[in-house]
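Asks: This is final12.cif (mmCIF, C-alpha atoms).
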data_model
#
loop_
_atom_site.label_atom_id
_atom_site.label_comp_id
_atom_site.auth_asym_id
_atom_site.auth_seq_id
_atom_site.Cartn_x
_atom_site.Cartn_y
_atom_site.Cartn_z
CA MET T 1 0.00 0.00 0.00
CA LYS T 2 1.19 3.50 -0.80
CA VAL T 3 1.13 5.73 2.26
CA LYS T 4 1.74 9.46 2.49
CA PHE T 5 2.56 11.87 5.28
CA GLN T 6 1.16 15.32 4.53
CA GLY T 7 1.05 14.37 0.86
CA ALA T 8 4.65 13.09 0.63
CA PRO T 9 5.17 9.35 0.04
CA VAL T 10 6.78 7.35 2.85
CA THR T 11 8.17 3.82 3.03
CA LEU T 12 6.56 1.26 5.31
CA LEU T 13 8.88 -1.49 6.54
CA GLY T 14 7.80 -4.89 7.75
CA ASN T 15 5.09 -7.23 6.53
CA GLN T 16 1.72 -5.68 5.84
CA VAL T 17 -1.10 -7.97 6.91
CA LYS T 18 -4.55 -8.64 5.51
CA VAL T 19 -7.88 -10.00 6.68
CA GLY T 20 -7.62 -13.75 7.25
CA ASP T 21 -3.95 -13.68 8.28
CA THR T 22 -2.95 -14.77 11.75
CA LEU T 23 -1.33 -11.88 13.59
CA LYS T 24 2.16 -12.95 14.62
CA ASP T 25 3.29 -12.48 18.18
CA PHE T 26 5.16 -9.29 19.04
CA THR T 27 6.55 -7.64 22.14
CA VAL T 28 5.91 -4.02 23.07
CA ILE T 29 6.48 -2.07 26.29
CA ASP T 30 3.68 -1.01 28.62
CA ASN T 31 3.54 2.18 30.68
CA GLU T 32 5.33 0.49 33.57
CA LEU T 33 8.26 -0.47 31.28
CA LYS T 34 7.22 -4.13 31.27
CA PRO T 35 7.21 -6.19 28.09
CA ARG T 36 3.77 -7.17 26.80
CA SER T 37 3.03 -9.44 23.91
CA LEU T 38 0.08 -10.50 21.81
CA LYS T 39 -0.05 -13.60 24.04
CA ASP T 40 -0.86 -11.30 27.00
CA THR T 41 -4.09 -10.19 25.32
CA LYS T 42 -7.29 -12.21 24.92
CA GLY T 43 -10.59 -12.22 23.08
CA VAL T 44 -11.59 -9.72 20.41
CA ARG T 45 -9.02 -6.94 20.32
CA ILE T 46 -8.62 -3.67 18.46
CA PHE T 47 -5.03 -2.56 17.86
CA LEU T 48 -4.55 1.05 16.81
CA SER T 49 -1.22 2.00 15.30
CA VAL T 50 -0.59 5.74 15.59
CA PRO T 51 2.39 8.02 14.87
CA SER T 52 2.36 9.91 18.20
CA ILE T 53 -0.33 9.91 20.85
CA ASP T 54 0.18 13.60 21.66
CA THR T 55 -0.71 14.98 18.22
CA PRO T 56 -4.16 16.27 17.22
CA VAL T 57 -5.47 13.34 15.14
CA CYS T 58 -3.96 10.67 17.41
CA ASP T 59 -5.32 12.49 20.47
CA MET T 60 -8.80 12.57 18.95
CA GLU T 61 -8.61 8.92 17.82
CA VAL T 62 -7.56 7.50 21.18
CA LYS T 63 -10.13 9.59 23.07
CA LYS T 64 -12.90 8.44 20.71
CA PHE T 65 -11.99 4.77 21.19
CA ASN T 66 -11.61 5.29 24.94
CA GLU T 67 -15.19 6.54 25.04
CA GLU T 68 -16.60 3.81 22.77
CA ILE T 69 -14.73 0.86 24.29
CA GLU T 70 -16.26 1.61 27.68
CA LYS T 71 -19.60 0.55 26.14
CA LEU T 72 -18.11 -2.68 24.75
CA LYS T 73 -17.09 -4.61 27.84
CA ASP T 74 -15.92 -7.74 26.00
CA ILE T 75 -13.62 -5.96 23.53
CA SER T 76 -10.14 -4.67 24.38
CA CYS T 77 -8.43 -1.77 22.66
CA TYR T 78 -4.71 -1.07 22.52
CA THR T 79 -2.93 1.92 21.02
CA ILE T 80 0.65 1.36 19.92
CA SER T 81 3.08 4.12 19.01
CA MET T 82 6.78 4.87 19.17
CA ASP T 83 6.17 7.33 22.03
CA LEU T 84 8.09 6.52 25.18
CA PRO T 85 6.03 4.79 27.88
CA PHE T 86 6.54 7.77 30.22
CA ALA T 87 4.95 10.13 27.70
CA GLN T 88 2.10 7.70 27.05
CA ALA T 89 1.36 7.35 30.77
CA ARG T 90 1.52 11.11 31.29
CA TRP T 91 -0.82 11.75 28.32
CA CYS T 92 -3.33 9.08 29.44
CA GLY T 93 -3.37 10.53 32.95
CA ALA T 94 -3.83 14.09 31.74
CA GLU T 95 -6.58 13.10 29.28
CA GLY T 96 -8.40 10.62 31.53
CA VAL T 97 -7.86 7.70 29.16
CA LYS T 98 -8.49 4.49 31.10
CA ASN T 99 -10.27 2.15 28.68
CA VAL T 100 -7.56 2.00 26.01
CA GLU T 101 -4.16 0.62 26.96
CA THR T 102 -1.14 2.28 25.40
CA PHE T 103 1.97 0.37 24.43
CA SER T 104 5.27 1.57 23.03
CA ASP T 105 7.13 -0.05 20.16
CA TYR T 106 10.20 2.15 20.71
CA LYS T 107 12.51 -0.59 21.88
CA ASP T 108 12.44 -3.36 19.27
CA ARG T 109 9.92 -2.13 16.69
CA GLU T 110 8.39 -5.62 16.66
CA PHE T 111 4.80 -4.47 16.22
CA GLY T 112 5.89 -2.28 13.30
CA LYS T 113 7.69 -5.22 11.68
CA VAL T 114 4.85 -7.70 12.23
CA THR T 115 2.19 -5.34 10.86
CA GLY T 116 4.22 -3.42 8.27
CA THR T 117 3.52 -0.11 9.99
CA TYR T 118 7.04 1.21 10.66
CA ILE T 119 7.76 4.38 8.65
CA GLU T 120 11.38 4.28 7.55
CA GLU T 121 11.73 8.03 6.98
CA LEU T 122 10.14 9.15 10.25
CA GLY T 123 10.94 6.39 12.74
CA LEU T 124 7.25 6.34 13.67
CA LEU T 125 4.33 4.00 13.08
CA THR T 126 1.77 4.76 10.40
CA ARG T 127 -1.91 5.13 11.23
CA ALA T 128 -3.57 1.74 10.90
CA SER T 129 -6.23 -0.32 12.65
CA PHE T 130 -6.43 -4.04 13.19
CA ILE T 131 -9.07 -6.24 14.79
CA VAL T 132 -8.15 -9.77 15.82
CA ASP T 133 -10.44 -12.48 17.10
CA GLU T 134 -9.82 -14.84 19.99
CA ASN T 135 -7.65 -17.02 17.70
CA ASN T 136 -5.47 -14.06 16.60
CA LYS T 137 -7.02 -14.09 13.11
CA LEU T 138 -7.26 -10.65 11.57
CA ILE T 139 -10.88 -9.85 10.87
CA PHE T 140 -10.35 -6.17 9.97
CA VAL T 141 -7.33 -4.30 8.60
CA GLU T 142 -7.13 -0.63 7.65
CA TYR T 143 -3.95 1.16 6.56
CA LEU T 144 -4.74 4.81 5.91
CA GLU T 145 -3.38 6.24 2.68
CA GLU T 146 -2.76 9.61 4.37
CA ILE T 147 -1.25 9.30 7.85
CA THR T 148 -2.87 12.52 9.04
CA SER T 149 -6.40 11.22 8.22
CA GLU T 150 -8.74 9.79 10.82
CA PRO T 151 -9.57 6.08 10.84
CA SER T 152 -12.99 4.63 10.01
CA TYR T 153 -14.30 4.77 13.58
CA ASP T 154 -17.81 3.48 12.84
CA VAL T 155 -16.61 0.65 10.61
CA ILE T 156 -13.99 -0.48 13.13
CA LEU T 157 -16.48 -0.48 16.01
CA LYS T 158 -19.12 -2.28 13.91
CA GLU T 159 -16.62 -4.97 12.89
CA ALA T 160 -15.50 -5.44 16.49
CA LYS T 161 -19.12 -5.79 17.66
CA ASN T 162 -19.86 -8.28 14.86
CA ALA T 163 -16.90 -10.37 15.98
CA MET T 164 -18.59 -10.84 19.35
CA LYS T 165 -21.67 -12.51 17.81
#
As a first step, turn the structure in this file into structure tokens.
Replies:
Amino acid sequence: MKVKFQGAPVTLLGNQVKVGDTLKDFTVIDNELKPRSLKDTKGVRIFLSVPSIDTPVCDMEVKKFNEEIEKLKDISCYTISMDLPFAQARWCGAEGVKNVETFSDYKDREFGKVTGTYIEELGLLTRASFIVDENNKLIFVEYLEEITSEPSYDVILKEAKNAMK
């Protein structure tokens, strides 16, 4: 997929995934500097890949999912960025985000490699959304063509709800 940042093409490294693939395990770092992996998560999960949590579109995206996930008790939502865990924890605390867990891929870039979301030119993750079922099968994948665009909130939430049926 061709992805742009403010209209300029960027290079995504790693293996882009598609619906039907099994999401490979990865390790990221939580806000307490502990490693977390796909194996540490269960059930239907939404993974949001964002460039930086403390930017306008990312801020809006995470807050929107934080609000919506509270209504969906059986679905978990995780936001992954290259932001340091300290910054993620500080932002979540300041913004009252409690229903979306934030993870950092700063250390090994494993999530970026596994999902093909690492932007070579920027050292950040592109904006993408993934839903996996209880067997780690991808049931929804969205890579945004323009990184500064918002994701398909309604479609993502509908697909996650449908996965619970």
Asks: Take the PyMOL selection byres ((chain T and resi 82) around 9), apply it to the structure above, and return the hits as a count of residues only.
Replies: 18
Asks: Between CA of Glu120 (chain T) and CA of Met1 (chain T), what is the spacing in Å?
Replies: 14.3 Å
Asks: What does the distance from CA of Tyr78 (chain T) to CA of Phe26 (chain T) come to in Å, to one decimal?
Replies: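 Value for the CA of Tyr78 (chain T)-CA of Phe26 (chain T) distance: 13.3 Å.
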Asks: Let me know the residues the PyMOL selection byres ((chain T and resi 77) around 6) catches in the file above, as a list in words.
Replies: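 Output of the PyMOL selection byres ((chain T and resi 77) around 6): Arg45, Ile46, Phe47, Ser76, Tyr78 and Val100 of chain T.
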Asks: Could you tell me which of T:Leu12, T:Ile119, T:Ala160, T:Leu72 comes closest to Val132 (chain T) if we count all atoms listed in the file?
Replies: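 Under the stated criterion, the closest residue is T:Ala160.
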Asks: Do you know which residues the PyMOL selection byres ((chain T and resi 149) around 10) returns on this file, as an MDAnalysis selection string?
Replies: chainID T and resid 5:6 57:58 127 144:148 150:152
Asks: Provide the CA of Pro35 (chain T) to CA of Leu13 (chain T) distance in Å, to one decimal place.
Replies: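 Straight-line distance from CA of Pro35 (chain T) to CA of Leu13 (chain T) works out to 22.1 Å.
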Asks: Give me the residues near Gly14 (chain T) as a compact mmCIF listing (two decimals) with C-alpha atoms, keeping the file's coordinate frame, where near means some atom within 8 Å (using only C-alpha atoms) and where sequence neighbours in that chain fewer than 2 positions away do not count.
Replies:
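Contents of result-v4.txt, freshly written:
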# COMPACT_ATOMS: atom_id res chain seq x y z
CA LEU T 12 6.56 1.26 5.31
CA GLN T 16 1.72 -5.68 5.84
CA GLY T 112 5.89 -2.28 13.30
CA LYS T 113 7.69 -5.22 11.68
CA VAL T 114 4.85 -7.70 12.23
CA THR T 115 2.19 -5.34 10.86
CA GLY T 116 4.22 -3.42 8.27
CA THR T 117 3.52 -0.11 9.99
CA TYR T 118 7.04 1.21 10.66
Asks: Taking all atoms listed in the file into account, name the residue in T:Asp154, T:Glu95, T:Glu110, T:Asp133 that is nearest to Asn66 (chain T).
Replies: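 Of T:Asp154, T:Glu95, T:Glu110, T:Asp133, the one nearest Asn66 (chain T), counting all atoms listed in the file, is T:Glu95.
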Asks: Check the smallest atom-to-atom distance from each of T:Asn15, T:Asn162, T:Thr55, T:Asn31 to Gln88 (chain T) using only C-alpha atoms, then report the winner.
Replies: T:Asn31
Asks: I'd like the neighbourhood of Glu68 (chain T) as a PyMOL selection string, where a residue qualifies if any of its atoms comes within 9 Å (using all atoms listed in the file), though same-chain residues fewer than 4 positions away should be ignored.
Replies: chain T and resi 63-64+72+99+157
Asks: So, counting all atoms listed in the file, which residue among T:Val17, T:Leu33, T:Ala94, T:Ile131 is closest to Lys158 (chain T)?
Replies: T:Ile131
Asks: In the coordinates of the file, take the point (-3.4, 6.1, 22.7) and a cut-off of 6 Å; then, counting all atoms listed in the file, name each qualifying protein, DNA or RNA residue as a PyMOL selection string.
Replies: chain T and resi 53+62+79+102
Asks: Pick out the closest residue to Leu23 (chain T) from this set: T:Phe86, T:Phe130, T:Phe65, T:Tyr143. Count all atoms listed in the file.
Replies: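 Comparing T:Phe86, T:Phe130, T:Phe65, T:Tyr143 against Leu23 (chain T), the winner is T:Phe130.
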Asks: Find, counting all atoms listed in the file, the residue in T:Val28, T:Val141, T:Ile156, T:Val44 that gets nearest to Lys73 (chain T).
Replies: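 The shortest atom-to-atom distance to Lys73 (chain T) comes from T:Val44.
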Asks: Kindly provide, as AutoDock Vina command-line options, the centre and edge lengths (Å, one decimal) of an axis-aligned box around all atoms of region 109-121 of chain T given in the file, with 3 Å on each side.
Replies:
--center_x 7.0 --center_y 0.2 --center_z 11.8 --size_x 15.5 --size_y 21.7 --size_z 15.7
Asks: With N, CA and C atoms as the goal, would you fill in the gaps in region 61-72 of chain T and present it as a PDB file, in the coordinates of the input?
Replies:
ATOM      1  N   GLU T  61      -8.347  10.338  18.072  1.00  0.00           N
ATOM      2  CA  GLU T  61      -8.610   8.920  17.820  1.00  0.00           C
ATOM      3  C   GLU T  61      -8.646   8.113  19.120  1.00  0.00           C
ATOM      4  N   VAL T  62      -7.636   8.288  19.943  1.00  0.00           N
ATOM      5  CA  VAL T  62      -7.560   7.500  21.180  1.00  0.00           C
ATOM      6  C   VAL T  62      -8.700   7.885  22.130  1.00  0.00           C
ATOM      7  N   LYS T  63      -9.022   9.166  22.215  1.00  0.00           N
ATOM      8  CA  LYS T  63     -10.130   9.590  23.070  1.00  0.00           C
ATOM      9  C   LYS T  63     -11.457   9.018  22.586  1.00  0.00           C
ATOM     10  N   LYS T  64     -11.659   8.999  21.280  1.00  0.00           N
ATOM     11  CA  LYS T  64     -12.900   8.440  20.710  1.00  0.00           C
ATOM     12  C   LYS T  64     -13.014   6.956  21.057  1.00  0.00           C
ATOM     13  N   PHE T  65     -11.938   6.196  20.866  1.00  0.00           N
ATOM     14  CA  PHE T  65     -11.990   4.770  21.190  1.00  0.00           C
ATOM     15  C   PHE T  65     -12.100   4.552  22.697  1.00  0.00           C
ATOM     16  N   ASN T  66     -11.484   5.393  23.489  1.00  0.00           N
ATOM     17  CA  ASN T  66     -11.610   5.290  24.940  1.00  0.00           C
ATOM     18  C   ASN T  66     -13.079   5.402  25.351  1.00  0.00           C
ATOM     19  N   GLU T  67     -13.773   6.324  24.750  1.00  0.00           N
ATOM     20  CA  GLU T  67     -15.190   6.540  25.040  1.00  0.00           C
ATOM     21  C   GLU T  67     -16.045   5.357  24.562  1.00  0.00           C
ATOM     22  N   GLU T  68     -15.782   4.882  23.358  1.00  0.00           N
ATOM     23  CA  GLU T  68     -16.600   3.810  22.770  1.00  0.00           C
ATOM     24  C   GLU T  68     -16.327   2.440  23.402  1.00  0.00           C
ATOM     25  N   ILE T  69     -15.090   2.164  23.733  1.00  0.00           N
ATOM     26  CA  ILE T  69     -14.730   0.860  24.290  1.00  0.00           C
ATOM     27  C   ILE T  69     -15.374   0.654  25.659  1.00  0.00           C
ATOM     28  N   GLU T  70     -15.600   1.723  26.376  1.00  0.00           N
ATOM     29  CA  GLU T  70     -16.260   1.610  27.680  1.00  0.00           C
ATOM     30  C   GLU T  70     -17.637   0.939  27.544  1.00  0.00           C
ATOM     31  N   LYS T  71     -18.281   1.131  26.391  1.00  0.00           N
ATOM     32  CA  LYS T  71     -19.600   0.550  26.140  1.00  0.00           C
ATOM     33  C   LYS T  71     -19.507  -0.900  25.671  1.00  0.00           C
ATOM     34  N   LEU T  72     -18.315  -1.340  25.304  1.00  0.00           N
ATOM     35  CA  LEU T  72     -18.110  -2.680  24.750  1.00  0.00           C
ATOM     36  C   LEU T  72     -17.247  -3.497  25.703  1.00  0.00           C
TER      37      LEU T  72
END
